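Structure file run-v6.csv (CSV, C-alpha atoms and all ligand atoms) follows.
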```
chain,number,residue,atom,x,y,z
D,1,MET,CA,0.0,0.0,0.0
D,2,GLY,CA,1.2,3.5,-0.8
D,3,GLY,CA,0.3,6.6,1.1
D,4,VAL,CA,-2.8,6.4,3.4
D,5,ARG,CA,-5.6,8.8,2.5
D,6,ILE,CA,-7.1,10.2,5.7
D,7,GLY,CA,-10.2,12.2,6.7
D,8,LEU,CA,-10.4,14.2,9.9
D,9,ILE,CA,-13.7,14.0,11.8
D,10,GLY,CA,-13.9,16.9,14.3
D,11,ALA,CA,-11.7,20.0,13.6
D,12,GLY,CA,-11.7,21.3,17.2
D,13,VAL,CA,-8.6,21.7,19.5
D,14,MET,CA,-7.3,18.1,19.1
D,15,GLY,CA,-8.4,17.7,15.5
D,16,ARG,CA,-6.3,20.7,14.5
D,17,ILE,CA,-3.3,19.4,16.3
D,18,HIS,CA,-3.6,16.1,14.5
D,19,ALA,CA,-4.2,17.9,11.2
D,20,ARG,CA,-1.0,19.9,11.7
D,21,CYS,CA,1.1,16.8,12.6
D,22,LEU,CA,-0.3,14.8,9.7
D,23,SER,CA,0.2,17.5,7.1
D,24,ARG,CA,3.8,18.3,8.2
D,25,HIS,CA,5.3,15.2,9.9
D,26,VAL,CA,3.8,12.0,8.6
D,27,ALA,CA,5.4,11.1,5.3
D,28,ASN,CA,3.1,8.2,4.4
D,29,GLY,CA,-0.2,9.8,5.4
D,30,GLU,CA,-2.2,12.5,3.6
D,31,LEU,CA,-4.9,14.7,5.1
D,32,CYS,CA,-7.5,14.6,2.3
D,33,ALA,CA,-10.8,15.6,3.9
D,34,VAL,CA,-12.1,17.4,7.0
D,35,ALA,CA,-15.6,17.2,8.6
D,36,ASP,CA,-17.0,19.3,11.3
D,37,LEU,CA,-20.6,20.3,12.3
D,38,ASP,CA,-19.2,23.8,12.4
D,39,SER,CA,-18.5,24.7,8.8
D,40,GLU,CA,-16.2,27.5,9.7
D,41,LYS,CA,-13.9,25.1,11.6
D,42,ALA,CA,-14.0,22.5,8.9
D,43,ASN,CA,-13.2,25.0,6.1
D,44,GLY,CA,-10.5,26.8,8.2
D,45,CYS,CA,-8.8,23.5,9.0
D,46,ALA,CA,-9.0,22.1,5.5
D,47,GLU,CA,-7.6,25.4,4.1
D,48,GLU,CA,-4.8,25.7,6.6
D,49,PHE,CA,-3.6,22.1,6.4
D,50,GLY,CA,-4.2,21.4,2.7
D,51,ALA,CA,-7.2,19.0,2.6
D,52,ASP,CA,-9.3,19.1,-0.6
D,53,ALA,CA,-12.7,17.9,0.6
D,54,VAL,CA,-14.9,19.4,3.3
D,55,TYR,CA,-17.9,17.7,4.9
D,56,GLY,CA,-20.7,18.7,7.3
D,57,ASP,CA,-20.5,15.7,9.6
D,58,HIS,CA,-18.9,12.3,10.0
D,59,LEU,CA,-21.4,10.4,8.0
D,60,ALA,CA,-20.9,12.6,4.9
D,61,LEU,CA,-17.1,12.1,5.2
D,62,LEU,CA,-17.4,8.4,5.7
D,63,ALA,CA,-19.3,8.1,2.3
D,64,ASP,CA,-16.1,9.4,0.6
D,65,ALA,CA,-14.8,6.2,-1.1
D,66,SER,CA,-11.4,7.8,-1.8
D,67,LEU,CA,-10.5,7.7,2.0
D,68,ASP,CA,-8.7,4.8,3.6
D,69,ALA,CA,-8.8,5.9,7.2
D,70,VAL,CA,-10.2,8.5,9.6
D,71,LEU,CA,-9.0,10.4,12.6
D,72,ALA,CA,-11.9,10.6,15.1
D,73,CYS,CA,-11.6,13.8,17.1
D,74,THR,CA,-15.1,14.5,18.2
D,75,PRO,CA,-16.1,14.8,21.9
D,76,GLY,CA,-15.3,11.7,23.9
D,77,ASN,CA,-18.9,10.6,24.5
D,78,THR,CA,-19.5,10.4,20.7
D,79,HIS,CA,-16.5,8.1,19.9
D,80,ALA,CA,-18.2,4.8,19.9
D,81,SER,CA,-20.9,5.9,17.4
D,82,VAL,CA,-18.2,7.4,15.1
D,83,ILE,CA,-16.0,4.3,15.4
D,84,GLU,CA,-19.0,2.1,14.6
D,85,ALA,CA,-20.0,4.1,11.5
D,86,ALA,CA,-16.4,4.3,10.3
D,87,ALA,CA,-15.9,0.5,10.7
D,88,ARG,CA,-19.2,-0.1,8.8
D,89,ALA,CA,-17.8,2.1,6.0
D,90,GLY,CA,-14.6,0.0,5.9
D,91,LYS,CA,-12.3,2.8,7.1
D,92,HIS,CA,-9.3,2.2,9.4
D,93,ILE,CA,-9.7,4.3,12.6
D,94,PHE,CA,-7.5,6.4,14.8
D,95,CYS,CA,-9.7,7.5,17.6
D,96,GLU,CA,-8.8,10.1,20.2
D,97,LYS,CA,-9.1,8.9,23.8
D,98,PRO,CA,-11.4,7.9,25.4
D,99,ILE,CA,-12.9,5.0,23.4
D,100,ASP,CA,-16.2,6.4,24.8
D,101,TRP,CA,-17.7,7.2,28.1
D,102,ASP,CA,-20.2,4.4,27.8
D,103,LEU,CA,-19.0,0.8,28.1
D,104,MET,CA,-21.9,-0.8,26.3
D,105,ALA,CA,-21.5,1.5,23.4
D,106,ALA,CA,-17.8,0.9,23.4
D,107,ASP,CA,-18.3,-2.9,23.4
D,108,ARG,CA,-20.8,-2.6,20.5
D,109,ALA,CA,-18.3,-0.6,18.5
D,110,LEU,CA,-15.5,-3.0,19.2
D,111,GLY,CA,-17.7,-5.8,17.9
D,112,VAL,CA,-18.3,-3.9,14.6
D,113,VAL,CA,-14.6,-3.2,14.3
D,114,GLU,CA,-13.7,-6.8,14.7
D,115,ARG,CA,-16.3,-8.0,12.1
D,116,ALA,CA,-15.2,-5.3,9.7
D,117,GLY,CA,-11.5,-6.3,10.0
D,118,VAL,CA,-10.4,-2.6,10.1
D,119,LYS,CA,-7.6,-1.2,12.4
D,120,LEU,CA,-8.5,0.7,15.5
D,121,GLN,CA,-5.9,2.7,17.4
D,122,ILE,CA,-6.8,4.7,20.5
D,123,GLY,CA,-5.0,8.1,21.0
D,124,PHE,CA,-3.1,7.3,24.2
D,125,ASN,CA,-0.3,9.6,23.1
D,126,ARG,CA,1.7,9.4,26.4
D,127,ARG,CA,2.7,5.8,25.4
D,128,PHE,CA,4.7,7.4,22.6
D,129,ASP,CA,6.4,10.0,24.7
D,130,PRO,CA,10.2,9.4,24.8
D,131,ALA,CA,10.6,9.9,28.6
D,132,PHE,CA,7.7,7.6,29.5
D,133,ARG,CA,8.8,5.0,27.0
D,134,ALA,CA,12.4,5.0,28.4
D,135,ALA,CA,11.0,4.6,31.9
D,136,ARG,CA,8.9,1.6,30.8
D,137,GLN,CA,11.9,0.0,29.0
D,138,ALA,CA,13.9,0.3,32.2
D,139,ILE,CA,11.1,-1.4,34.2
D,140,LYS,CA,10.7,-4.1,31.5
D,141,ARG,CA,14.5,-4.7,31.6
D,142,GLY,CA,14.3,-5.3,35.3
D,143,ASP,CA,16.4,-2.3,36.3
D,144,ILE,CA,14.4,-1.7,39.5
D,145,GLY,CA,13.2,-5.2,40.2
D,146,ARG,CA,9.5,-5.9,40.4
D,147,PRO,CA,7.7,-2.6,40.7
D,148,GLN,CA,6.1,-2.1,44.2
D,149,ILE,CA,4.7,1.5,44.0
D,150,VAL,CA,3.8,3.7,41.1
D,151,HIS,CA,3.1,7.4,41.5
D,152,LEU,CA,1.7,9.3,38.5
D,153,ILE,CA,1.1,13.1,38.7
D,154,SER,CA,-1.0,14.7,36.0
D,155,ARG,CA,-2.2,18.2,36.6
D,156,ASP,CA,-3.6,20.6,34.1
D,157,PRO,CA,-3.1,24.4,34.0
D,158,ALA,CA,-6.4,26.2,34.1
D,159,LEU,CA,-6.4,29.8,35.2
D,160,PRO,CA,-9.0,30.8,36.0
D,161,TYR,CA,-10.8,27.5,36.4
D,162,THR,CA,-14.0,27.5,34.4
D,163,GLY,CA,-15.4,24.1,35.3
D,164,PRO,CA,-15.6,20.8,33.5
D,165,LYS,CA,-16.7,20.3,29.9
D,166,ALA,CA,-19.0,17.5,31.3
D,167,PRO,CA,-19.6,16.1,34.8
D,168,GLY,CA,-17.0,13.5,35.6
D,169,ASP,CA,-14.5,14.7,33.0
D,170,LEU,CA,-11.6,14.7,35.5
D,171,TYR,CA,-12.0,10.9,35.3
D,172,PHE,CA,-13.2,10.3,31.8
D,173,ASP,CA,-11.0,12.9,30.1
D,174,SER,CA,-7.9,13.4,32.3
D,175,ALA,CA,-7.4,10.4,34.6
D,176,MET,CA,-8.1,8.2,31.6
D,177,HIS,CA,-4.6,8.9,30.3
D,178,ASP,CA,-3.0,7.9,33.6
D,179,LEU,CA,-5.1,4.8,34.0
D,180,ASP,CA,-3.8,3.7,30.7
D,181,MET,CA,-0.2,4.7,31.7
D,182,VAL,CA,-0.4,2.4,34.8
D,183,ARG,CA,-1.3,-0.5,32.5
D,184,PHE,CA,1.4,0.5,30.0
D,185,MET,CA,4.3,1.1,32.5
D,186,ILE,CA,3.7,-1.9,34.7
D,187,GLY,CA,2.1,-4.4,32.2
D,188,ALA,CA,-0.4,-5.6,34.8
D,189,GLU,CA,-4.1,-5.3,35.2
D,190,ALA,CA,-5.8,-3.7,38.3
D,191,GLU,CA,-7.8,-5.8,40.7
D,192,SER,CA,-9.0,-3.0,42.9
D,193,VAL,CA,-9.7,0.7,42.3
D,194,MET,CA,-10.7,3.5,44.7
D,195,SER,CA,-10.8,7.2,44.3
D,196,TYR,CA,-11.3,10.4,46.4
D,197,GLY,CA,-12.3,13.5,44.6
D,198,SER,CA,-12.9,17.1,45.6
D,199,ALA,CA,-14.6,20.1,44.0
D,200,MET,CA,-12.1,22.6,45.4
D,201,ALA,CA,-11.5,25.0,42.4
D,202,ALA,CA,-15.1,24.5,41.3
D,203,ARG,CA,-16.6,25.7,44.6
D,204,GLU,CA,-14.2,28.6,44.8
D,205,HIS,CA,-15.0,29.7,41.3
D,206,GLY,CA,-18.7,29.0,41.7
D,207,VAL,CA,-18.8,26.6,38.8
D,208,GLY,CA,-20.6,23.6,40.4
D,209,GLU,CA,-19.6,20.6,42.4
D,210,ASP,CA,-17.8,18.4,39.9
D,211,PRO,CA,-14.4,17.1,41.1
D,212,ASP,CA,-11.3,19.1,39.9
D,213,THR,CA,-9.0,17.3,42.3
D,214,ALA,CA,-8.7,13.6,42.7
D,215,MET,CA,-6.5,10.8,44.1
D,216,THR,CA,-7.1,7.4,42.6
D,217,LEU,CA,-5.5,4.2,44.0
D,218,LEU,CA,-5.2,0.9,42.2
D,219,ARG,CA,-3.9,-2.4,43.4
D,220,LEU,CA,-2.6,-4.4,40.5
D,221,LYS,CA,-2.5,-8.2,40.1
D,222,GLY,CA,0.9,-9.2,41.5
D,223,GLY,CA,0.7,-6.6,44.3
D,224,THR,CA,1.9,-3.3,42.8
D,225,ILE,CA,0.1,-0.3,44.2
D,226,ALA,CA,-0.4,2.8,42.0
D,227,SER,CA,-1.5,6.3,42.9
D,228,ILE,CA,-2.8,8.8,40.3
D,229,ASP,CA,-2.9,12.4,41.4
D,230,ASN,CA,-5.0,14.7,39.1
D,231,SER,CA,-5.8,18.4,39.3
D,232,ARG,CA,-7.4,20.8,36.9
D,233,ARG,CA,-5.9,23.8,38.6
D,234,SER,CA,-2.1,23.8,38.4
D,235,VAL,CA,0.1,26.7,37.7
D,236,VAL,CA,2.0,24.6,35.2
D,237,TYR,CA,1.2,21.5,33.1
D,238,ASP,CA,2.7,18.9,35.5
D,239,GLN,CA,3.3,15.4,34.1
D,240,ARG,CA,5.5,13.2,36.3
D,241,ALA,CA,6.0,9.5,37.2
D,242,GLU,CA,7.9,7.6,39.8
D,243,VAL,CA,8.1,3.8,39.9
D,244,PHE,CA,9.7,2.3,42.9
D,245,GLY,CA,11.1,-1.3,43.1
D,246,PRO,CA,13.4,-3.2,45.4
D,247,GLN,CA,16.5,-2.4,43.3
D,248,GLY,CA,15.9,1.2,42.5
D,249,THR,CA,13.5,3.9,41.3
D,250,VAL,CA,12.7,5.2,37.8
D,251,CYS,CA,11.5,8.8,37.5
D,252,VAL,CA,10.0,10.9,34.8
D,253,PRO,CA,10.5,14.5,35.9
D,254,ASN,CA,8.3,17.3,34.7
D,255,GLN,CA,9.6,18.5,31.3
D,256,PRO,CA,10.0,22.3,30.9
D,257,ILE,CA,7.8,23.6,28.1
D,258,ASP,CA,8.9,26.4,25.9
D,259,LYS,CA,6.4,29.1,26.6
D,260,GLY,CA,7.3,30.9,23.4
D,261,SER,CA,6.0,27.9,21.3
D,262,ALA,CA,2.4,28.4,22.4
D,263,ASP,CA,0.1,30.7,20.3
D,264,GLY,CA,-0.5,32.9,23.3
D,265,GLU,CA,-1.9,30.0,25.3
D,266,LEU,CA,-0.7,28.4,28.5
D,267,PRO,CA,2.0,25.8,27.7
D,268,PHE,CA,0.0,22.7,27.7
D,269,PHE,CA,-0.4,19.3,26.1
D,270,ALA,CA,0.0,20.5,22.5
D,271,HIS,CA,3.6,21.5,23.4
D,272,ARG,CA,4.5,18.9,25.9
D,273,TYR,CA,3.4,16.0,23.7
D,274,LEU,CA,4.1,17.2,20.2
D,275,ASP,CA,6.6,14.5,19.5
D,276,ALA,CA,4.2,11.9,20.9
D,277,TYR,CA,1.3,13.1,18.7
D,278,ILE,CA,3.6,12.8,15.6
D,279,ALA,CA,4.9,9.3,16.7
D,280,GLU,CA,1.4,7.9,17.3
D,281,LEU,CA,0.1,9.1,13.9
D,282,ASN,CA,3.1,7.6,12.2
D,283,ALA,CA,2.5,4.3,14.0
D,284,PHE,CA,-1.1,4.3,13.0
D,285,VAL,CA,-0.3,5.0,9.3
D,286,GLU,CA,2.4,2.2,9.4
D,287,SER,CA,0.0,-0.3,10.9
D,288,VAL,CA,-2.5,0.4,8.1
D,289,ARG,CA,0.2,0.2,5.4
D,290,LYS,CA,1.8,-2.9,6.8
D,291,ASP,CA,-1.4,-4.5,8.0
D,292,SER,CA,0.0,-4.9,11.5
D,293,GLU,CA,-1.7,-4.6,14.9
D,294,PRO,CA,-1.9,-1.0,16.1
D,295,LEU,CA,0.4,-0.3,19.1
D,296,VAL,CA,-2.6,0.9,21.2
D,297,THR,CA,-5.7,-1.3,20.6
D,298,GLY,CA,-9.4,-0.9,21.1
D,299,ASN,CA,-9.1,-3.3,24.0
D,300,ASP,CA,-6.6,-0.9,25.6
D,301,GLY,CA,-9.2,1.8,25.2
D,302,ARG,CA,-11.8,-0.4,26.8
D,303,ALA,CA,-9.6,-1.4,29.7
D,304,ALA,CA,-8.9,2.3,30.6
D,305,LEU,CA,-12.6,3.1,30.3
D,306,VAL,CA,-13.5,0.2,32.7
D,307,LEU,CA,-11.0,1.7,35.2
D,308,ALA,CA,-12.3,5.2,34.8
D,309,ILE,CA,-15.8,4.0,35.4
D,310,ALA,CA,-14.7,2.1,38.5
D,311,ALA,CA,-12.8,5.2,39.8
D,312,PHE,CA,-15.7,7.6,39.1
D,313,ARG,CA,-18.2,5.2,40.8
D,314,SER,CA,-15.9,4.8,43.8
D,315,TYR,CA,-15.9,8.6,44.1
D,316,VAL,CA,-19.6,9.0,43.5
D,317,GLU,CA,-20.8,6.2,45.7
D,318,GLY,CA,-18.3,6.7,48.4
D,319,ARG,CA,-20.6,8.6,50.6
D,320,PRO,CA,-23.0,7.4,53.3
D,321,GLY,CA,-26.3,6.3,51.9
D,322,ALA,CA,-25.2,6.4,48.3
D,323,GLY,CA,-26.8,3.8,46.0
D,324,GLN,CA,-29.2,3.4,43.2
D,325,ARG,CA,-30.1,7.1,43.0
D,326,ASP,CA,-26.4,7.9,42.4
D,327,ARG,CA,-26.0,5.3,39.8
D,328,LEU,CA,-29.0,6.7,37.9
D,329,ALA,CA,-27.6,10.2,38.4
D,330,HIS,CA,-24.3,9.1,37.0
D,331,ARG,CA,-25.9,7.5,33.9
D,332,ALA,CA,-28.0,10.6,33.4
D,333,ALA,CA,-25.1,12.9,33.8
D,334,ILE,CA,-23.0,11.1,31.2
D,335,ARG,CA,-25.9,11.3,28.7
D,336,ARG,CA,-26.8,14.9,29.6
D,337,PRO,CA,-23.6,16.7,30.5
D,338,GLY,CA,-24.2,19.5,33.0
D,339,SER,CA,-27.1,17.8,34.7
D,340,LEU,CA,-27.3,15.8,37.9
D,341,LEU,CA,-23.9,15.5,39.5
D,342,ARG,CA,-24.4,18.8,41.4
D,343,ALA,CA,-26.5,16.8,43.8
D,344,LEU,CA,-23.6,14.4,44.8
D,345,ARG,CA,-21.4,15.3,47.7
D,346,PRO,CA,-19.0,12.4,48.3
D,347,SER,CA,-17.4,12.2,51.7
D,348,ARG,CA,-15.4,8.9,51.6
D,349,ALA,CA,-14.3,6.6,48.8
D,350,VAL,CA,-15.1,2.9,48.4
D,351,PRO,CA,-13.1,0.4,46.5
D,352,TYR,CA,-14.1,-1.4,43.3
D,353,GLU,CA,-12.7,-4.8,42.7
D,354,ALA,CA,-12.2,-6.7,39.4
D,355,ARG,CA,-14.9,-9.3,38.7
D,356,GLY,CA,-14.6,-10.8,35.2
D,357,ARG,CA,-14.3,-7.9,32.7
D,358,ARG,CA,-15.8,-5.3,35.0
D,359,PHE,CA,-15.4,-3.8,38.4
D,360,ARG,CA,-17.9,-4.2,41.2
D,361,LEU,CA,-18.3,-2.5,44.6
D,362,ALA,CA,-16.2,-4.3,47.2
D,363,ARG,CA,-17.9,-5.4,50.3
D,364,ARG,CA,-14.9,-4.7,52.5
D,365,VAL,CA,-11.4,-3.2,51.9
D,366,SER,CA,-9.2,-6.2,51.3
D,367,SER,CA,-5.6,-6.2,52.5
I,401,LIG,N1,-4.7,13.0,23.6
I,401,LIG,C1,-4.7,14.3,24.1
I,401,LIG,O1,-3.7,14.8,24.6
I,401,LIG,C2,-6.0,15.0,24.0
I,401,LIG,C3,-6.0,16.4,24.3
I,401,LIG,C4,-7.2,17.1,24.1
I,401,LIG,C5,-8.3,16.5,23.7
I,401,LIG,N2,-8.3,15.1,23.5
I,401,LIG,C6,-9.5,14.4,23.1
I,401,LIG,O2,-9.9,14.8,21.8
I,401,LIG,C7,-11.3,14.7,21.7
I,401,LIG,C8,-11.8,16.1,21.1
I,401,LIG,O3,-11.5,17.1,22.1
I,401,LIG,P1,-11.4,18.6,21.7
I,401,LIG,O4,-10.8,19.3,22.9
I,401,LIG,O5,-10.7,18.7,20.4
I,401,LIG,O6,-12.9,19.0,21.5
I,401,LIG,P2,-13.5,20.2,20.7
I,401,LIG,O7,-14.8,20.5,21.2
I,401,LIG,O8,-12.5,21.3,20.6
I,401,LIG,O9,-13.7,19.6,19.2
I,401,LIG,C9,-14.6,18.6,18.8
I,401,LIG,C10,-15.1,19.0,17.5
I,401,LIG,O10,-15.9,17.9,17.0
I,401,LIG,C11,-17.0,18.4,16.2
I,401,LIG,N3,-18.0,17.4,16.0
I,401,LIG,C12,-18.8,16.9,16.9
I,401,LIG,N4,-19.6,15.9,16.4
I,401,LIG,C13,-19.2,15.8,15.1
I,401,LIG,C14,-19.7,15.0,14.0
I,401,LIG,N5,-20.6,14.1,14.2
I,401,LIG,N6,-19.1,15.1,12.8
I,401,LIG,C15,-18.1,16.1,12.6
I,401,LIG,N7,-17.7,16.9,13.6
I,401,LIG,C16,-18.2,16.8,14.8
I,401,LIG,C17,-17.4,19.6,17.0
I,401,LIG,O11,-18.1,20.6,16.2
I,401,LIG,C18,-16.0,20.2,17.4
I,401,LIG,O12,-15.5,21.1,16.5
I,401,LIG,C19,-11.8,14.4,23.0
I,401,LIG,O13,-12.1,13.0,23.1
I,401,LIG,C20,-10.7,14.7,24.0
I,401,LIG,O14,-10.7,13.9,25.1
I,401,LIG,C21,-7.1,14.4,23.6
```

Would you mind writing the file's structure down as structure tokens?
Amino acid sequence: MGGVRIGLIGAGVMGRIHARCLSRHVANGELCAVADLDSEKANGCAEEFGADAVYGDHLALLADASLDAVLACTPGNTHASVIEAAARAGKHIFCEKPIDWDLMAADRALGVVERAGVKLQIGFNRRFDPAFRAARQAIKRGDIGRPQIVHLISRDPALPYTGPKAPGDLYFDSAMHDLDMVRFMIGAEAESVMSYGSAMAAREHGVGEDPDTAMTLLRLKGGTIASIDNSRRSVVYDQRAEVFGPQGTVCVPNQPIDKGSADGELPFFAHRYLDAYIAELNAFVESVRKDSEPLVTGNDGRAALVLAIAAFRSYVEGRPGAGQRDRLAHRAAIRRPGSLLRALRPSRAVPYEARGRRFRLARRVSS
């Protein structure tokens, strides 16, 4: 196969980053079409990054028979339906994280992908970051012995804090990356998840009760304990890792970001992970060209979603008297962003334990 002809679905913040990377840094991929519900965004992106065709939504773009593959960069809770439609149209799919917010929808989409025989790569870009990759290699080589404790710090700059895009997005948007990184760095699945969350910035800024601060704990099969520290209100974009084992410690320190490279914005993910975005797109294009398995699969996307749901439920239900009402509120909140989570005021966290392919509320904290 020669160059891969690619259509971009969703020309928002992340879609434009991928369009830029694809048009400048991916030799074997070509940005040929752009679709967005907002025609100004679609036209602007196509013009700036050299795509010939412009469409009004994903279905119109998917009907373009000249395209081999798509980059799905619509909001996270639309991903499963876009993946499903793309697979039915026979297109290979690079889908931004998360695979979706809804596990049933994700499972349906994964079934369609499998039956269609197309590639699906999920946009867990941090797996392609040179610093995190080097840390993982050191762990795999056995440099520190069997990992005992993992600390991940992932804090976003947001000044002033304006609230979440959707209730729970600290878990489904931000922690999602870190949950994947725990799996990637250690190579083991979680057997227990619990999370404390707080709406600190949200209350101070009068933008609701959704958590902007969280600490999530996982116990992995084999005994490793992982902590994930997330905040939406950091002065700097803060991305760190420390993995401790009996023979040493591997650290990924925060990387300084060149402020001058931002178009007047706070230095953020677009600058910190530029190399990783380029590398993940190259990997996707090569997996299509060589008919090889993507380096980040749909099942990796599913596994991180299962963990995010468990962490979010641990946070939501971890208050006295929480139960069915909260579960319904959670479901409704995911479907209708901005709705019911205001009513929830967690005061303690409860663990979720792995049972089969999902996590269930633990009856007691196991040692
Ligand atoms: N990997 C990363 O570092 C990273 C960083 C930021 C965002 N993301 C992910 O990227 C995704 C998009 O986030 P964003 O910040 O770019 O959102 P955004 O709101 O800026 O852009 C989404 C775009 O999709 C368009 N859209 C929605 N439905 C569509 C449809 N059916 N057809 C065509 N266009 C459609 C919207 O009009 C909008 O322009 C999210 O899943 C987010 O989690 C990933």

Residue among D:Glu242, D:Glu353, D:Asp156, D:Asp229 lying closest to Phe268 in chain D, counting all atoms listed in the file: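 The closest residue to Phe268 in chain D is D:Asp156.
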
D:Thr78, D:Ser231, D:Asn282, D:Ser192 ranked by distance to Arg358 in chain D, top pick (using all atoms listed in the file):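 Under the stated criterion, the closest residue is D:Ser192.
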
Chain D residues near ligand LIG 401 (chain I) within 9 Å, closest pair each, using all atoms listed in the file, as CSV:
```
residue,atom,partner,partner_atom,distance
D:Leu8,CA,I:LIG401,C15,8.4
D:Ile9,CA,I:LIG401,C15,4.9
D:Gly10,CA,I:LIG401,O10,3.5
D:Ala11,CA,I:LIG401,O12,4.9
D:Gly12,CA,I:LIG401,O9,3.3
D:Val13,CA,I:LIG401,O5,3.8
D:Met14,CA,I:LIG401,O5,3.7
D:Gly15,CA,I:LIG401,O5,5.5
D:Arg16,CA,I:LIG401,O5,7.6
D:Ile17,CA,I:LIG401,O5,8.5
D:Val34,CA,I:LIG401,C15,8.3
D:Ala35,CA,I:LIG401,C15,4.8
D:Asp36,CA,I:LIG401,N7,3.4
D:Leu37,CA,I:LIG401,O11,4.6
D:Asp38,CA,I:LIG401,O11,5.1
D:Ser39,CA,I:LIG401,O11,8.5
D:Lys41,CA,I:LIG401,O12,6.5
D:Ala42,CA,I:LIG401,O12,7.9
D:Tyr55,CA,I:LIG401,C15,7.9
D:Gly56,CA,I:LIG401,C15,6.5
D:Asp57,CA,I:LIG401,N6,3.5
D:His58,CA,I:LIG401,N6,4.0
D:Leu59,CA,I:LIG401,N6,7.1
D:Ala60,CA,I:LIG401,N6,8.5
D:Leu61,CA,I:LIG401,N6,8.4
D:Ala72,CA,I:LIG401,C7,7.8
D:Cys73,CA,I:LIG401,C8,4.6
D:Thr74,CA,I:LIG401,O10,3.7
D:Pro75,CA,I:LIG401,C19,4.5
D:Gly76,CA,I:LIG401,O13,3.5
D:Asn77,CA,I:LIG401,O13,7.3
D:Thr78,CA,I:LIG401,N4,7.0
D:His79,CA,I:LIG401,O13,7.3
D:Ser81,CA,I:LIG401,N5,8.8
D:Val82,CA,I:LIG401,N5,7.2
D:Cys95,CA,I:LIG401,O13,8.1
D:Glu96,CA,I:LIG401,O2,5.1
D:Lys97,CA,I:LIG401,O13,5.1
D:Pro98,CA,I:LIG401,O13,5.6
D:Ile99,CA,I:LIG401,O13,8.0
D:Asp100,CA,I:LIG401,O13,8.0
D:Gly123,CA,I:LIG401,N1,5.6
D:Phe124,CA,I:LIG401,N1,6.0
D:Asn125,CA,I:LIG401,N1,5.6
D:Arg126,CA,I:LIG401,O1,7.8
D:Lys165,CA,I:LIG401,O7,8.9
D:Asp169,CA,I:LIG401,O14,8.8
D:Phe172,CA,I:LIG401,O14,8.0
D:Asp173,CA,I:LIG401,O14,5.1
D:Ser174,CA,I:LIG401,O14,7.7
D:His177,CA,I:LIG401,N1,7.9
D:Phe269,CA,I:LIG401,O1,5.8
D:Ala270,CA,I:LIG401,O1,7.1
D:Tyr273,CA,I:LIG401,O1,7.3
D:Tyr277,CA,I:LIG401,N1,7.7
```

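Every protein or nucleic acid residue with an atom no more than 10 Å from Ser23 in chain D, counting only C-alpha atoms and leaving out same-chain residues fewer than 5 positions away, appears here: His18, Gly29, Glu30, Leu31, Cys32, Glu48, Phe49, Gly50 and Ala51 of chain D.
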
Can I get the selected residues back with C-alpha atoms, as a short mmCIF file (atom, residue, chain, number, x, y, z; two decimals), in the frame of the given file?
```
data_model
loop_
_atom_site.label_atom_id
_atom_site.label_comp_id
_atom_site.auth_asym_id
_atom_site.auth_seq_id
_atom_site.Cartn_x
_atom_site.Cartn_y
_atom_site.Cartn_z
CA HIS D 18 -3.60 16.10 14.50
CA GLY D 29 -0.20 9.80 5.40
CA GLU D 30 -2.20 12.50 3.60
CA LEU D 31 -4.90 14.70 5.10
CA CYS D 32 -7.50 14.60 2.30
CA GLU D 48 -4.80 25.70 6.60
CA PHE D 49 -3.60 22.10 6.40
CA GLY D 50 -4.20 21.40 2.70
CA ALA D 51 -7.20 19.00 2.60
#
```

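CA of Leu307 in chain D to CA of Val193 in chain D spans 7.3 Å [interatomic distance, one decimal].
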
Gap from CA of Met181 in chain D to CA of Ala304 in chain D - Å, one decimal: 9.1 Å

Residue neighbourhood Ala86 in chain D, 12 Å, all atoms listed in the file, exclusion window fewer than 6 positions, as a PyMOL selection string: chain D and resi 6-9+58-65+67-72+79-80+92-95+109-110+112-113+116-120

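Here CA of Pro160 in chain D stands at a distance of 16.0 Å from CA of Glu209 in chain D.
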
Within 8 Å of Met200 in chain D using only C-alpha atoms, minus same-chain residues under 5 positions, as a ChimeraX atom specification: /D:211-213

Proximity to Pro157 in chain D - best of D:Tyr171, D:Tyr196, D:Tyr237, D:Phe184, all atoms listed in the file: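 Of D:Tyr171, D:Tyr196, D:Tyr237, D:Phe184, the one nearest Pro157 in chain D is D:Tyr237, counting all atoms listed in the file.
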
Expected answer as a PyMOL selection string: all residues with atoms within 8 Å of (3.0, 13.4, 14.2), only C-alpha atoms: chain D and resi 18+21-22+24-26+274-282

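Distance annotation: of D:Thr297, D:Ser234, D:Asn254, D:Gln121, the residue with the minimal separation from Leu152 in chain D is D:Asn254; atom set is all atoms listed in the file.
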
Who sits within 9 Å of Gly163 in chain D, only C-alpha atoms, same chain under 3 positions skipped, as JSON, numbers by chain: {"D": [166, 201, 202, 205, 206, 207, 208, 209, 210, 212, 232]}

For those residues, write C-alpha atoms to a file as an mmCIF file, in the coordinates of the input.
```
data_model
loop_
_atom_site.group_PDB
_atom_site.id
_atom_site.type_symbol
_atom_site.label_atom_id
_atom_site.label_comp_id
_atom_site.auth_asym_id
_atom_site.auth_seq_id
_atom_site.Cartn_x
_atom_site.Cartn_y
_atom_site.Cartn_z
ATOM 1 C CA ALA D 166 -19.000 17.500 31.300
ATOM 2 C CA ALA D 201 -11.500 25.000 42.400
ATOM 3 C CA ALA D 202 -15.100 24.500 41.300
ATOM 4 C CA HIS D 205 -15.000 29.700 41.300
ATOM 5 C CA GLY D 206 -18.700 29.000 41.700
ATOM 6 C CA VAL D 207 -18.800 26.600 38.800
ATOM 7 C CA GLY D 208 -20.600 23.600 40.400
ATOM 8 C CA GLU D 209 -19.600 20.600 42.400
ATOM 9 C CA ASP D 210 -17.800 18.400 39.900
ATOM 10 C CA ASP D 212 -11.300 19.100 39.900
ATOM 11 C CA ARG D 232 -7.400 20.800 36.900
#
```
